[in-house]
file data_30.txt (compact mmCIF, N, CA and C atoms)
# COMPACT_ATOMS: atom_id res chain seq x y z
N MET B 1 0.85 -1.17 0.00
CA MET B 1 0.00 0.00 0.00
C MET B 1 0.89 1.24 0.00
N ASN B 2 0.59 2.18 -0.86
CA ASN B 2 1.30 3.45 -0.92
C ASN B 2 0.68 4.41 0.09
N MET B 3 1.40 4.72 1.16
CA MET B 3 0.86 5.57 2.22
C MET B 3 0.51 6.96 1.72
N ALA B 4 1.34 7.54 0.88
CA ALA B 4 1.09 8.88 0.37
C ALA B 4 -0.20 8.93 -0.45
N ALA B 5 -0.52 7.87 -1.13
CA ALA B 5 -1.72 7.84 -1.97
C ALA B 5 -3.00 7.95 -1.15
N VAL B 6 -2.96 7.50 0.08
CA VAL B 6 -4.14 7.58 0.95
C VAL B 6 -4.01 8.69 1.98
N GLY B 7 -2.98 9.54 1.85
CA GLY B 7 -2.80 10.67 2.75
C GLY B 7 -2.25 10.28 4.11
N ALA B 8 -1.60 9.14 4.20
CA ALA B 8 -1.06 8.67 5.47
C ALA B 8 0.42 9.03 5.58
N VAL B 9 0.85 9.30 6.78
CA VAL B 9 2.25 9.57 7.05
C VAL B 9 2.64 8.93 8.37
N VAL B 10 3.90 8.61 8.52
CA VAL B 10 4.43 8.18 9.81
C VAL B 10 5.32 9.32 10.26
N GLU B 11 4.85 10.03 11.26
CA GLU B 11 5.54 11.25 11.68
C GLU B 11 6.87 10.96 12.36
N HIS B 12 6.86 10.70 13.61
CA HIS B 12 8.10 10.57 14.38
C HIS B 12 8.60 9.13 14.44
N GLY B 13 8.21 8.36 13.46
CA GLY B 13 8.68 6.99 13.41
C GLY B 13 7.84 6.06 14.26
N GLY B 14 6.67 6.47 14.63
CA GLY B 14 5.81 5.63 15.45
C GLY B 14 4.36 5.76 15.02
N ILE B 15 3.56 4.88 15.52
CA ILE B 15 2.14 4.90 15.24
C ILE B 15 1.41 4.97 16.58
N VAL B 16 0.43 5.84 16.66
CA VAL B 16 -0.37 5.97 17.87
C VAL B 16 -1.74 5.38 17.57
N ILE B 17 -2.18 4.49 18.45
CA ILE B 17 -3.47 3.84 18.26
C ILE B 17 -4.36 4.18 19.44
N HIS B 18 -5.60 4.56 19.12
CA HIS B 18 -6.59 4.85 20.15
C HIS B 18 -7.80 3.97 19.92
N ASP B 19 -8.51 3.65 20.98
CA ASP B 19 -9.74 2.87 20.80
C ASP B 19 -10.91 3.81 20.53
N ASP B 20 -12.10 3.25 20.41
CA ASP B 20 -13.26 4.04 20.03
C ASP B 20 -13.79 4.94 21.15
N THR B 21 -13.15 4.92 22.31
CA THR B 21 -13.57 5.83 23.38
C THR B 21 -12.77 7.14 23.37
N SER B 22 -11.75 7.20 22.54
CA SER B 22 -10.94 8.43 22.45
C SER B 22 -11.73 9.53 21.76
N ASN B 23 -11.56 10.73 22.25
CA ASN B 23 -12.20 11.89 21.64
C ASN B 23 -11.16 12.59 20.79
N LEU B 24 -11.39 12.59 19.48
CA LEU B 24 -10.40 13.15 18.56
C LEU B 24 -10.29 14.66 18.67
N ALA B 25 -11.33 15.34 19.09
CA ALA B 25 -11.23 16.79 19.31
C ALA B 25 -10.24 17.08 20.44
N ASP B 26 -10.30 16.28 21.51
CA ASP B 26 -9.32 16.42 22.60
C ASP B 26 -7.90 16.22 22.09
N LEU B 27 -7.72 15.16 21.31
CA LEU B 27 -6.38 14.81 20.83
C LEU B 27 -5.83 15.84 19.85
N THR B 28 -6.70 16.39 19.00
CA THR B 28 -6.21 17.41 18.06
C THR B 28 -5.87 18.70 18.78
N GLN B 29 -6.65 19.05 19.79
CA GLN B 29 -6.32 20.25 20.56
C GLN B 29 -4.99 20.04 21.28
N TYR B 30 -4.77 18.85 21.79
CA TYR B 30 -3.48 18.54 22.43
C TYR B 30 -2.34 18.64 21.42
N ALA B 31 -2.54 18.13 20.21
CA ALA B 31 -1.48 18.18 19.19
C ALA B 31 -1.11 19.62 18.87
N MET B 32 -2.11 20.47 18.71
CA MET B 32 -1.84 21.89 18.43
C MET B 32 -1.17 22.56 19.63
N HIS B 33 -1.64 22.22 20.83
CA HIS B 33 -1.04 22.80 22.04
C HIS B 33 0.42 22.38 22.17
N PHE B 34 0.70 21.11 21.93
CA PHE B 34 2.07 20.61 21.99
C PHE B 34 2.95 21.37 21.02
N CYS B 35 2.47 21.58 19.81
CA CYS B 35 3.23 22.32 18.80
C CYS B 35 3.46 23.76 19.25
N ALA B 36 2.44 24.39 19.83
CA ALA B 36 2.58 25.78 20.30
C ALA B 36 3.63 25.88 21.40
N VAL B 37 3.63 24.92 22.30
CA VAL B 37 4.58 24.93 23.42
C VAL B 37 6.00 24.60 22.95
N GLU B 38 6.12 23.64 22.06
CA GLU B 38 7.43 23.18 21.62
C GLU B 38 8.02 23.96 20.44
N SER B 39 7.23 24.82 19.85
CA SER B 39 7.71 25.60 18.71
C SER B 39 8.92 26.44 19.11
N CYS B 40 9.88 26.52 18.21
CA CYS B 40 11.06 27.36 18.49
C CYS B 40 10.68 28.84 18.46
N GLY B 41 9.55 29.15 17.84
CA GLY B 41 9.08 30.52 17.78
C GLY B 41 9.67 31.34 16.66
N LYS B 42 10.54 30.74 15.89
CA LYS B 42 11.25 31.48 14.85
C LYS B 42 10.39 31.73 13.61
N TYR B 43 9.46 30.82 13.31
CA TYR B 43 8.70 30.92 12.08
C TYR B 43 7.21 31.11 12.37
N THR B 44 6.62 32.09 11.71
CA THR B 44 5.24 32.49 11.95
C THR B 44 4.22 31.38 11.74
N PRO B 45 4.27 30.61 10.64
CA PRO B 45 3.20 29.60 10.45
C PRO B 45 3.08 28.62 11.62
N CYS B 46 4.19 28.20 12.16
CA CYS B 46 4.18 27.25 13.28
C CYS B 46 3.82 27.97 14.58
N ARG B 47 4.49 29.07 14.86
CA ARG B 47 4.31 29.79 16.12
C ARG B 47 2.88 30.32 16.26
N ILE B 48 2.41 31.04 15.27
CA ILE B 48 1.08 31.64 15.35
C ILE B 48 0.00 30.64 14.95
N GLY B 49 0.27 29.83 13.95
CA GLY B 49 -0.72 28.86 13.48
C GLY B 49 -1.14 27.88 14.56
N SER B 50 -0.17 27.36 15.30
CA SER B 50 -0.51 26.39 16.35
C SER B 50 -1.25 27.06 17.51
N THR B 51 -0.86 28.28 17.85
CA THR B 51 -1.54 29.00 18.93
C THR B 51 -2.99 29.30 18.53
N ARG B 52 -3.18 29.79 17.31
CA ARG B 52 -4.54 30.06 16.83
C ARG B 52 -5.32 28.75 16.67
N GLY B 53 -4.62 27.68 16.28
CA GLY B 53 -5.27 26.38 16.15
C GLY B 53 -5.88 25.91 17.46
N VAL B 54 -5.14 26.07 18.54
CA VAL B 54 -5.65 25.71 19.87
C VAL B 54 -6.91 26.51 20.17
N GLU B 55 -6.87 27.80 19.89
CA GLU B 55 -8.01 28.68 20.17
C GLU B 55 -9.23 28.30 19.32
N VAL B 56 -9.02 28.04 18.04
CA VAL B 56 -10.13 27.71 17.16
C VAL B 56 -10.74 26.36 17.53
N ILE B 57 -9.92 25.38 17.83
CA ILE B 57 -10.45 24.08 18.26
C ILE B 57 -11.24 24.24 19.55
N ALA B 58 -10.76 25.06 20.47
CA ALA B 58 -11.50 25.32 21.72
C ALA B 58 -12.86 25.94 21.43
N LYS B 59 -12.92 26.87 20.48
CA LYS B 59 -14.20 27.49 20.12
C LYS B 59 -15.15 26.45 19.51
N ILE B 60 -14.62 25.62 18.63
CA ILE B 60 -15.46 24.58 18.01
C ILE B 60 -15.97 23.63 19.09
N ARG B 61 -15.11 23.25 20.01
CA ARG B 61 -15.50 22.32 21.08
C ARG B 61 -16.49 22.96 22.05
N ALA B 62 -16.50 24.30 22.10
CA ALA B 62 -17.44 25.02 22.96
C ALA B 62 -18.73 25.34 22.20
N ASP B 63 -19.00 24.60 21.15
CA ASP B 63 -20.24 24.66 20.37
C ASP B 63 -20.31 25.78 19.35
N ASP B 64 -19.20 26.41 18.99
CA ASP B 64 -19.22 27.33 17.85
C ASP B 64 -18.78 26.52 16.64
N THR B 65 -19.72 25.73 16.14
CA THR B 65 -19.42 24.84 15.02
C THR B 65 -19.80 25.48 13.69
N SER B 66 -19.75 26.80 13.65
CA SER B 66 -20.10 27.51 12.42
C SER B 66 -19.09 27.18 11.32
N PRO B 67 -19.54 27.23 10.08
CA PRO B 67 -18.62 26.98 8.96
C PRO B 67 -17.41 27.93 9.01
N LYS B 68 -17.59 29.11 9.53
CA LYS B 68 -16.48 30.07 9.64
C LYS B 68 -15.34 29.51 10.48
N GLN B 69 -15.65 28.90 11.62
CA GLN B 69 -14.62 28.35 12.50
C GLN B 69 -13.94 27.13 11.87
N VAL B 70 -14.72 26.27 11.26
CA VAL B 70 -14.16 25.07 10.63
C VAL B 70 -13.28 25.46 9.45
N THR B 71 -13.73 26.41 8.65
CA THR B 71 -12.92 26.90 7.52
C THR B 71 -11.64 27.54 8.03
N LEU B 72 -11.73 28.31 9.10
CA LEU B 72 -10.54 28.94 9.67
C LEU B 72 -9.54 27.89 10.13
N LEU B 73 -10.02 26.84 10.78
CA LEU B 73 -9.12 25.77 11.24
C LEU B 73 -8.45 25.08 10.05
N ARG B 74 -9.22 24.79 9.02
CA ARG B 74 -8.65 24.15 7.83
C ARG B 74 -7.63 25.07 7.15
N ASP B 75 -7.93 26.36 7.08
CA ASP B 75 -6.99 27.32 6.49
C ASP B 75 -5.71 27.42 7.31
N LEU B 76 -5.84 27.42 8.64
CA LEU B 76 -4.65 27.43 9.50
C LEU B 76 -3.79 26.19 9.24
N CYS B 77 -4.45 25.05 9.13
CA CYS B 77 -3.72 23.80 8.87
C CYS B 77 -3.01 23.87 7.52
N ASP B 78 -3.70 24.36 6.50
CA ASP B 78 -3.07 24.49 5.17
C ASP B 78 -1.86 25.41 5.23
N THR B 79 -2.00 26.53 5.92
CA THR B 79 -0.89 27.48 6.04
C THR B 79 0.29 26.85 6.77
N MET B 80 0.01 26.12 7.84
CA MET B 80 1.09 25.46 8.58
C MET B 80 1.78 24.41 7.72
N MET B 81 1.00 23.63 6.97
CA MET B 81 1.60 22.57 6.16
C MET B 81 2.46 23.14 5.04
N SER B 82 2.00 24.20 4.43
CA SER B 82 2.75 24.74 3.28
C SER B 82 3.78 25.79 3.67
N GLY B 83 3.65 26.41 4.84
CA GLY B 83 4.54 27.51 5.18
C GLY B 83 5.54 27.23 6.28
N SER B 84 5.38 26.15 7.02
CA SER B 84 6.31 25.86 8.10
C SER B 84 7.61 25.32 7.54
N LEU B 85 8.70 25.73 8.14
CA LEU B 85 10.02 25.29 7.67
C LEU B 85 10.55 24.11 8.46
N CYS B 86 9.80 23.67 9.47
CA CYS B 86 10.24 22.50 10.24
C CYS B 86 9.19 21.40 10.12
N ALA B 87 9.58 20.21 10.45
CA ALA B 87 8.67 19.07 10.36
C ALA B 87 7.53 19.18 11.37
N MET B 88 7.80 19.71 12.56
CA MET B 88 6.75 19.78 13.57
C MET B 88 5.61 20.69 13.09
N GLY B 89 5.93 21.87 12.62
CA GLY B 89 4.91 22.79 12.15
C GLY B 89 4.19 22.28 10.93
N GLY B 90 4.91 21.60 10.06
CA GLY B 90 4.31 21.09 8.84
C GLY B 90 3.50 19.82 9.03
N MET B 91 3.80 19.06 10.08
CA MET B 91 3.13 17.78 10.28
C MET B 91 1.98 17.84 11.29
N THR B 92 2.00 18.80 12.20
CA THR B 92 0.95 18.89 13.21
C THR B 92 -0.45 18.93 12.60
N PRO B 93 -0.66 19.61 11.48
CA PRO B 93 -2.02 19.66 10.91
C PRO B 93 -2.57 18.32 10.41
N TYR B 94 -1.72 17.36 10.11
CA TYR B 94 -2.21 16.10 9.57
C TYR B 94 -3.23 15.40 10.47
N PRO B 95 -2.95 15.20 11.75
CA PRO B 95 -3.98 14.55 12.58
C PRO B 95 -5.22 15.42 12.78
N VAL B 96 -5.05 16.74 12.75
CA VAL B 96 -6.20 17.64 12.90
C VAL B 96 -7.14 17.49 11.71
N LEU B 97 -6.58 17.58 10.50
CA LEU B 97 -7.40 17.44 9.30
C LEU B 97 -8.01 16.04 9.19
N SER B 98 -7.24 15.03 9.54
CA SER B 98 -7.75 13.66 9.50
C SER B 98 -8.92 13.49 10.46
N ALA B 99 -8.80 14.04 11.66
CA ALA B 99 -9.89 13.94 12.64
C ALA B 99 -11.12 14.70 12.16
N LEU B 100 -10.93 15.89 11.59
CA LEU B 100 -12.06 16.64 11.05
C LEU B 100 -12.76 15.87 9.93
N ASP B 101 -11.99 15.24 9.08
CA ASP B 101 -12.55 14.51 7.95
C ASP B 101 -13.24 13.21 8.36
N HIS B 102 -12.63 12.47 9.29
CA HIS B 102 -13.12 11.13 9.59
C HIS B 102 -13.93 11.03 10.88
N PHE B 103 -13.80 12.00 11.78
CA PHE B 103 -14.51 11.96 13.06
C PHE B 103 -15.12 13.33 13.40
N PRO B 104 -15.88 13.92 12.47
CA PRO B 104 -16.43 15.25 12.71
C PRO B 104 -17.36 15.30 13.93
N GLU B 105 -17.98 14.17 14.24
CA GLU B 105 -18.90 14.14 15.38
C GLU B 105 -18.18 14.43 16.70
N ASP B 106 -16.88 14.14 16.79
CA ASP B 106 -16.13 14.45 18.01
C ASP B 106 -15.98 15.96 18.21
N PHE B 107 -16.18 16.71 17.14
CA PHE B 107 -16.12 18.17 17.20
C PHE B 107 -17.51 18.78 17.30
N GLY B 108 -18.54 17.93 17.33
CA GLY B 108 -19.91 18.43 17.34
C GLY B 108 -20.40 18.80 15.96
N LEU B 109 -19.73 18.28 14.93
CA LEU B 109 -20.09 18.58 13.55
C LEU B 109 -20.89 17.43 12.97
N SER B 110 -21.55 17.69 11.86
CA SER B 110 -22.27 16.63 11.17
C SER B 110 -21.29 15.65 10.56
N LYS B 111 -21.78 14.51 10.16
CA LYS B 111 -20.92 13.48 9.60
C LYS B 111 -20.22 13.92 8.31
N LYS B 112 -20.86 14.78 7.51
CA LYS B 112 -20.28 15.21 6.25
C LYS B 112 -19.38 16.41 6.52
N PRO B 113 -18.06 16.27 6.35
CA PRO B 113 -17.16 17.40 6.62
C PRO B 113 -17.39 18.53 5.63
N PRO B 114 -17.29 19.79 6.10
CA PRO B 114 -17.45 20.91 5.18
C PRO B 114 -16.33 20.92 4.16
N GLN B 115 -16.66 21.32 2.95
CA GLN B 115 -15.68 21.39 1.88
C GLN B 115 -14.94 22.70 1.95
N LYS B 116 -13.67 22.64 1.65
CA LYS B 116 -12.84 23.84 1.63
C LYS B 116 -13.27 24.71 0.44
N ALA B 117 -13.33 26.01 0.69
CA ALA B 117 -13.71 26.94 -0.37
C ALA B 117 -12.67 26.92 -1.46
N ALA B 118 -13.12 26.99 -2.71
CA ALA B 118 -12.19 26.95 -3.85
C ALA B 118 -11.52 28.28 -4.08
call {"tool": "encode", "arguments": {"input": "data_30.txt", "output": "structure tokens"}}
result
Amino acid sequence: MNMAAVGAVVEHGGIVIHDDTSNLADLTQYAMHFCAVESCGKYTPCRIGSTRGVEVIAKIRADDTSPKQVTLLRDLCDTMMSGSLCAMGGMTPYPVLSALDHFPEDFGLSKKPPQKAA
């Protein structure tokens, strides 16, 4: 199986497995928080993107599930992936986007993930 073809990556050389009781919104907020804390602070997409990511995920989890918030989170992830100069900033969005796409109900969203604006 070609991992890239299905959008899969092995980040730090390990695989994390959770059972069906895990809340993916919790885990994505933790991933963004970890990136914000561990960021060297030198590059804006990682430093600001992860901090804003934590805030936006918190708003979504607090029932602001408006398309504006979800679009903002996806845009932050895209900016981090394409603009970060380190692996941490560029890879942190992967679990966030995956959770939004495959487990939207953990964020209080409908099963059909919102489409990114063209």
call {"tool": "atom_distance", "arguments": {"input": "data_30.txt", "atom1": "atom CA of Ala25 of chain B", "atom2": "atom CA of Glu38 of chain B"}}
result
19.9 Å
call {"tool": "atom_distance", "arguments": {"input": "data_30.txt", "atom1": "atom C of Leu100 of chain B", "atom2": "atom N of Asp20 of chain B"}}
result
16.4 Å
call {"tool": "residues_around", "arguments": {"input": "data_30.txt", "residues": "segment 55-60 of chain B", "least_positions_apart": "5", "cutoff": "8 Å", "atoms": "only N, CA and C atoms", "output": "list in words"}}
result
Ala25, Thr28, Gln29, Met32, His33, Gly49, Ser50, Thr65, Ser66, Gln69, Val70, Leu72, Leu73, Asp106, Phe107, Gly108 and Leu109 of chain B
call {"tool": "select_by_dssp", "arguments": {"input": "data_30.txt", "residues": "chain B", "states": "alpha helix (DSSP H)", "output": "MDAnalysis selection string"}}
result
chainID B and resid 24:38 44:61 67:83 87:91 93:102
call {"tool": "atom_distance", "arguments": {"input": "data_30.txt", "atom1": "atom CA of Ser22 of chain B", "atom2": "atom CA of Cys77 of chain B"}}
result
21.7 Å
call {"tool": "residues_around", "arguments": {"input": "data_30.txt", "residues": "Tyr30 of chain B", "least_positions_apart": "6", "cutoff": "8 Å", "atoms": "all atoms listed in the file", "output": "PyMOL selection string"}}
result
chain B and resi 24+36+54
call {"tool": "write_last_selection", "arguments": {"input": "data_30.txt", "atoms": "N, CA and C atoms", "output": "PDB file, keeping the file's coordinate frame"}}
result
ATOM      1  N   LEU B  24     -11.390  12.590  19.480  1.00  0.00           N
ATOM      2  CA  LEU B  24     -10.400  13.150  18.560  1.00  0.00           C
ATOM      3  C   LEU B  24     -10.290  14.660  18.670  1.00  0.00           C
ATOM      4  N   ALA B  36       2.440  24.390  19.830  1.00  0.00           N
ATOM      5  CA  ALA B  36       2.580  25.780  20.300  1.00  0.00           C
ATOM      6  C   ALA B  36       3.630  25.880  21.400  1.00  0.00           C
ATOM      7  N   VAL B  54      -5.140  26.070  18.540  1.00  0.00           N
ATOM      8  CA  VAL B  54      -5.650  25.710  19.870  1.00  0.00           C
ATOM      9  C   VAL B  54      -6.910  26.510  20.170  1.00  0.00           C
TER      10      VAL B  54
END
call {"tool": "closest_residue", "arguments": {"input": "data_30.txt", "among": "B:Ser98, B:Thr44, B:Thr51, B:Asn2", "to": "Ser82 of chain B", "atoms": "only C-alpha atoms"}}
result
B:Thr44
call {"tool": "residues_around", "arguments": {"input": "data_30.txt", "residues": "Gly89 of chain B", "least_positions_apart": "6", "cutoff": "6.5 Å", "atoms": "only N, CA and C atoms", "output": "list in words"}}
result
Pro45, Cys46, Met80 and Met81 of chain B
call {"tool": "closest_residue", "arguments": {"input": "data_30.txt", "among": "B:Leu97, B:Leu76, B:Cys86, B:Ala31", "to": "Tyr43 of chain B", "atoms": "all atoms listed in the file"}}
result
B:Cys86
